[in-house]
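Some notes on the structure that comes next.
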Amino acid sequence: MEELRTEEEQIAAIKNWWKENGNSILIAIGLALAIIFGWKAYQNNVLQNKIEASAMYEQLLAAATRPQLAGEASSVSYLADALKAKFIDTEYGIYAALFLAKEAVNADDLELAKTELNWVLSNTDDTSLIHVINGRLARILSQQGDQEGALALLHATDSAFDSEYLELQGDIKLRAKDEAGAVDAYKKAFALVKSEPQVQPLLAIKLADLGVSIDSL
């Protein structure tokens, strides 16, 4: 009888515990399941967006290789703008803006190119990409005659861009008729790439044109 009473007490205790805590457990389980299924749904949505964006980017590249009709839904500008608007949170929106900037430079529409490049700067926190964009913007500003504005963009915070930025500074200073400044920038750039034969030749030519032999460096 004592054993039966103990079992009955245990069952009663379990029932009381479940009465007090059962709802909380069910809620916790429900929340956990919602989080799991919600995360899976989010991942599937991200994947689907990337697949759709990739397909649209392929259409963009295809449209760029053939003549297009004004107002055509598959035109370069239409597809690029659609990518930027719909897929701003993917790399394909960035690719579209970079593509438009390149096309604008080829068409000598430097203002449009700047607009697209600045759009990229506003929508990325990728340090390497920011350096690349600033370099392209500097070239455009220099081409437009704003040498001071161009040079202001060329302050590398990533050492991987030091030599490239220094060489570009030399190009801009040379365009501004500052030969001494150009030589100084080219020399500094050359010092950083002396051990990279594939990078040396163009810098060597630029220095030679200014009367500097790399043998002396």
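Here, A, B, ... name the chains of the structure tokens in the order displayed, residue numbers run from 1 inside each chain, and ligands are numbered from 1 in the same displayed order.
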Would you kindly return, as a list in words, each protein, DNA or RNA residue with an atom no farther than 12 Å from any atom of A:Leu174, considering only C-alpha atoms and excluding same-chain residues fewer than 6 positions away? Ser142, Gln147, Leu151, Glu167, Leu168, Ala180, Gly181, Ala182, Val183, Asp184, Ala185, Tyr186, Lys206, Leu207, Asp209 and Leu210 of chain A
Write the residues of the preceding selection, restricted to N, CA and C atoms, as a PDB file, in the first residue's frame.
```
ATOM      1  N   SER A 142      39.736  63.551 -62.472  1.00  0.00           N
ATOM      2  CA  SER A 142      40.946  64.049 -63.122  1.00  0.00           C
ATOM      3  C   SER A 142      40.681  64.338 -64.593  1.00  0.00           C
ATOM      4  N   GLN A 147      41.696  68.033 -60.549  1.00  0.00           N
ATOM      5  CA  GLN A 147      42.838  67.275 -60.035  1.00  0.00           C
ATOM      6  C   GLN A 147      42.861  67.263 -58.511  1.00  0.00           C
ATOM      7  N   LEU A 151      42.755  63.860 -56.246  1.00  0.00           N
ATOM      8  CA  LEU A 151      43.791  63.484 -55.279  1.00  0.00           C
ATOM      9  C   LEU A 151      43.215  63.279 -53.877  1.00  0.00           C
ATOM     10  N   GLU A 167      50.601  55.358 -57.855  1.00  0.00           N
ATOM     11  CA  GLU A 167      50.771  55.498 -59.298  1.00  0.00           C
ATOM     12  C   GLU A 167      49.688  56.411 -59.884  1.00  0.00           C
ATOM     13  N   LEU A 168      48.473  56.250 -59.395  1.00  0.00           N
ATOM     14  CA  LEU A 168      47.387  57.101 -59.877  1.00  0.00           C
ATOM     15  C   LEU A 168      47.608  58.555 -59.468  1.00  0.00           C
ATOM     16  N   ALA A 180      57.446  67.201 -60.705  1.00  0.00           N
ATOM     17  CA  ALA A 180      58.188  66.794 -59.509  1.00  0.00           C
ATOM     18  C   ALA A 180      57.312  65.927 -58.609  1.00  0.00           C
ATOM     19  N   GLY A 181      56.047  66.334 -58.450  1.00  0.00           N
ATOM     20  CA  GLY A 181      55.123  65.554 -57.639  1.00  0.00           C
ATOM     21  C   GLY A 181      54.836  64.198 -58.257  1.00  0.00           C
ATOM     22  N   ALA A 182      54.757  64.165 -59.589  1.00  0.00           N
ATOM     23  CA  ALA A 182      54.510  62.910 -60.291  1.00  0.00           C
ATOM     24  C   ALA A 182      55.682  61.954 -60.108  1.00  0.00           C
ATOM     25  N   VAL A 183      56.918  62.481 -60.277  1.00  0.00           N
ATOM     26  CA  VAL A 183      58.110  61.648 -60.103  1.00  0.00           C
ATOM     27  C   VAL A 183      58.157  61.070 -58.694  1.00  0.00           C
ATOM     28  N   ASP A 184      57.877  61.893 -57.719  1.00  0.00           N
ATOM     29  CA  ASP A 184      57.904  61.445 -56.322  1.00  0.00           C
ATOM     30  C   ASP A 184      56.892  60.312 -56.101  1.00  0.00           C
ATOM     31  N   ALA A 185      55.676  60.481 -56.617  1.00  0.00           N
ATOM     32  CA  ALA A 185      54.634  59.461 -56.446  1.00  0.00           C
ATOM     33  C   ALA A 185      55.008  58.180 -57.170  1.00  0.00           C
ATOM     34  N   TYR A 186      55.532  58.304 -58.398  1.00  0.00           N
ATOM     35  CA  TYR A 186      55.926  57.123 -59.156  1.00  0.00           C
ATOM     36  C   TYR A 186      57.068  56.375 -58.459  1.00  0.00           C
ATOM     37  N   LYS A 206      56.820  55.179 -67.325  1.00  0.00           N
ATOM     38  CA  LYS A 206      56.376  56.492 -66.842  1.00  0.00           C
ATOM     39  C   LYS A 206      57.547  57.260 -66.232  1.00  0.00           C
ATOM     40  N   LEU A 207      58.391  56.541 -65.480  1.00  0.00           N
ATOM     41  CA  LEU A 207      59.546  57.201 -64.873  1.00  0.00           C
ATOM     42  C   LEU A 207      60.566  57.597 -65.943  1.00  0.00           C
ATOM     43  N   ASP A 209      60.002  58.371 -69.000  1.00  0.00           N
ATOM     44  CA  ASP A 209      59.481  59.546 -69.723  1.00  0.00           C
ATOM     45  C   ASP A 209      59.764  60.833 -68.969  1.00  0.00           C
ATOM     46  N   LEU A 210      59.968  60.698 -67.651  1.00  0.00           N
ATOM     47  CA  LEU A 210      60.260  61.881 -66.829  1.00  0.00           C
ATOM     48  C   LEU A 210      61.759  61.963 -66.492  1.00  0.00           C
TER      49      LEU A 210
END
```
Env of A:Leu154: 12 Å cut, atoms = only C-alpha atoms, seq-sep filter 5 positions within chain, self excluded. Answer as a VMD selection string. chain A and resid 130 to 139 141 to 142 147 to 149 161 to 172 185
Would you export the selected residues with N, CA, C and O atoms as a JSON list (two decimals), in the first residue's frame, please?
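Written output follows (out14.json):
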```
[["chain", "number", "residue", "atom", "x", "y", "z"],
["A", 130, "ILE", "N", 35.29, 49.74, -51.94],
["A", 130, "ILE", "CA", 35.30, 51.19, -51.75],
["A", 130, "ILE", "C", 36.60, 51.78, -52.30],
["A", 130, "ILE", "O", 36.59, 52.83, -52.95],
["A", 131, "HIS", "N", 37.72, 51.10, -52.07],
["A", 131, "HIS", "CA", 38.99, 51.58, -52.62],
["A", 131, "HIS", "C", 38.98, 51.57, -54.14],
["A", 131, "HIS", "O", 39.46, 52.51, -54.79],
["A", 132, "VAL", "N", 38.43, 50.51, -54.72],
["A", 132, "VAL", "CA", 38.36, 50.41, -56.19],
["A", 132, "VAL", "C", 37.50, 51.55, -56.74],
["A", 132, "VAL", "O", 37.88, 52.22, -57.71],
["A", 133, "ILE", "N", 36.36, 51.78, -56.11],
["A", 133, "ILE", "CA", 35.44, 52.84, -56.58],
["A", 133, "ILE", "C", 36.09, 54.21, -56.46],
["A", 133, "ILE", "O", 35.99, 55.05, -57.37],
["A", 134, "ASN", "N", 36.76, 54.46, -55.35],
["A", 134, "ASN", "CA", 37.42, 55.76, -55.18],
["A", 134, "ASN", "C", 38.49, 55.97, -56.24],
["A", 134, "ASN", "O", 38.68, 57.09, -56.73],
["A", 135, "GLY", "N", 39.18, 54.91, -56.61],
["A", 135, "GLY", "CA", 40.17, 55.01, -57.68],
["A", 135, "GLY", "C", 39.52, 55.37, -59.00],
["A", 135, "GLY", "O", 40.03, 56.22, -59.75],
["A", 136, "ARG", "N", 38.39, 54.76, -59.31],
["A", 136, "ARG", "CA", 37.68, 55.06, -60.56],
["A", 136, "ARG", "C", 37.12, 56.47, -60.55],
["A", 136, "ARG", "O", 37.18, 57.18, -61.56],
["A", 137, "LEU", "N", 36.59, 56.88, -59.41],
["A", 137, "LEU", "CA", 36.08, 58.25, -59.30],
["A", 137, "LEU", "C", 37.21, 59.26, -59.47],
["A", 137, "LEU", "O", 37.02, 60.32, -60.09],
["A", 138, "ALA", "N", 38.37, 58.94, -58.91],
["A", 138, "ALA", "CA", 39.52, 59.85, -59.03],
["A", 138, "ALA", "C", 39.91, 60.02, -60.49],
["A", 138, "ALA", "O", 40.22, 61.13, -60.95],
["A", 139, "ARG", "N", 39.91, 58.94, -61.25],
["A", 139, "ARG", "CA", 40.24, 59.01, -62.68],
["A", 139, "ARG", "C", 39.24, 59.90, -63.42],
["A", 139, "ARG", "O", 39.61, 60.69, -64.29],
["A", 141, "LEU", "N", 37.29, 62.31, -62.13],
["A", 141, "LEU", "CA", 37.44, 63.71, -61.72],
["A", 141, "LEU", "C", 38.66, 64.33, -62.40],
["A", 141, "LEU", "O", 38.63, 65.49, -62.84],
["A", 142, "SER", "N", 39.74, 63.55, -62.47],
["A", 142, "SER", "CA", 40.95, 64.05, -63.12],
["A", 142, "SER", "C", 40.68, 64.34, -64.59],
["A", 142, "SER", "O", 41.12, 65.36, -65.14],
["A", 147, "GLN", "N", 41.70, 68.03, -60.55],
["A", 147, "GLN", "CA", 42.84, 67.27, -60.04],
["A", 147, "GLN", "C", 42.86, 67.26, -58.51],
["A", 147, "GLN", "O", 43.19, 66.25, -57.89],
["A", 148, "GLU", "N", 42.50, 68.37, -57.91],
["A", 148, "GLU", "CA", 42.50, 68.45, -56.44],
["A", 148, "GLU", "C", 41.47, 67.49, -55.85],
["A", 148, "GLU", "O", 41.75, 66.77, -54.89],
["A", 149, "GLY", "N", 40.28, 67.47, -56.44],
["A", 149, "GLY", "CA", 39.24, 66.56, -55.96],
["A", 149, "GLY", "C", 39.64, 65.11, -56.17],
["A", 149, "GLY", "O", 39.33, 64.25, -55.33],
["A", 161, "PHE", "N", 46.33, 48.62, -51.63],
["A", 161, "PHE", "CA", 46.07, 49.63, -52.65],
["A", 161, "PHE", "C", 47.12, 50.75, -52.65],
["A", 161, "PHE", "O", 47.00, 51.69, -53.43],
["A", 162, "ASP", "N", 48.13, 50.63, -51.81],
["A", 162, "ASP", "CA", 49.13, 51.71, -51.70],
["A", 162, "ASP", "C", 49.81, 52.00, -53.03],
["A", 162, "ASP", "O", 49.88, 53.16, -53.47],
["A", 163, "SER", "N", 50.35, 50.98, -53.68],
["A", 163, "SER", "CA", 51.10, 51.22, -54.92],
["A", 163, "SER", "C", 50.18, 51.72, -56.04],
["A", 163, "SER", "O", 50.54, 52.63, -56.80],
["A", 164, "GLU", "N", 48.98, 51.15, -56.13],
["A", 164, "GLU", "CA", 48.03, 51.58, -57.17],
["A", 164, "GLU", "C", 47.64, 53.04, -56.98],
["A", 164, "GLU", "O", 47.58, 53.82, -57.94],
["A", 165, "TYR", "N", 47.37, 53.41, -55.73],
["A", 165, "TYR", "CA", 46.98, 54.79, -55.45],
["A", 165, "TYR", "C", 48.13, 55.76, -55.71],
["A", 165, "TYR", "O", 47.93, 56.86, -56.22],
["A", 166, "LEU", "N", 49.35, 55.35, -55.35],
["A", 166, "LEU", "CA", 50.51, 56.22, -55.58],
["A", 166, "LEU", "C", 50.73, 56.43, -57.08],
["A", 166, "LEU", "O", 51.02, 57.55, -57.52],
["A", 167, "GLU", "N", 50.60, 55.36, -57.85],
["A", 167, "GLU", "CA", 50.77, 55.50, -59.30],
["A", 167, "GLU", "C", 49.69, 56.41, -59.88],
["A", 167, "GLU", "O", 49.97, 57.25, -60.75],
["A", 168, "LEU", "N", 48.47, 56.25, -59.39],
["A", 168, "LEU", "CA", 47.39, 57.10, -59.88],
["A", 168, "LEU", "C", 47.61, 58.56, -59.47],
["A", 168, "LEU", "O", 47.33, 59.49, -60.24],
["A", 169, "GLN", "N", 48.15, 58.76, -58.27],
["A", 169, "GLN", "CA", 48.50, 60.13, -57.85],
["A", 169, "GLN", "C", 49.52, 60.72, -58.81],
["A", 169, "GLN", "O", 49.44, 61.90, -59.17],
["A", 170, "GLY", "N", 50.49, 59.89, -59.21],
["A", 170, "GLY", "CA", 51.49, 60.37, -60.17],
["A", 170, "GLY", "C", 50.85, 60.76, -61.49],
["A", 170, "GLY", "O", 51.18, 61.81, -62.06],
["A", 171, "ASP", "N", 49.92, 59.96, -61.97],
["A", 171, "ASP", "CA", 49.23, 60.27, -63.24],
["A", 171, "ASP", "C", 48.48, 61.60, -63.13],
["A", 171, "ASP", "O", 48.52, 62.43, -64.06],
["A", 172, "ILE", "N", 47.82, 61.78, -61.99],
["A", 172, "ILE", "CA", 47.01, 62.99, -61.81],
["A", 172, "ILE", "C", 47.90, 64.23, -61.68],
["A", 172, "ILE", "O", 47.63, 65.29, -62.25],
["A", 185, "ALA", "N", 55.68, 60.48, -56.62],
["A", 185, "ALA", "CA", 54.63, 59.46, -56.45],
["A", 185, "ALA", "C", 55.01, 58.18, -57.17],
["A", 185, "ALA", "O", 54.84, 57.07, -56.64]]
```
Can you list, as a ChimeraX atom specification, every protein, DNA or RNA residue that comes within 10 Å of stretch 56-63 of chain A when you count only C-alpha atoms, leaving out same-chain residues fewer than 6 positions away? /A:50,74-80,82-83,92-93,95-96,99
Let me make sure I understand: among A:Lys86, A:Ile94, A:Ala208, A:Asp81, which one has the smallest atom-to-atom distance to A:Ser122 if we use only C-alpha atoms?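 That would be A:Ile94, the residue with the smallest distance to A:Ser122.
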Just list the residues in stretch 97-168 of chain A DSSP gives alpha helix (DSSP H) on the backbone, as a ChimeraX atom specification. /A:97-106,110-122,127-143,147-152,162-168
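Reported to one decimal place, the separation of atom CA of A:Pro201 from atom CA of A:Ile214 is 9.9 Å.
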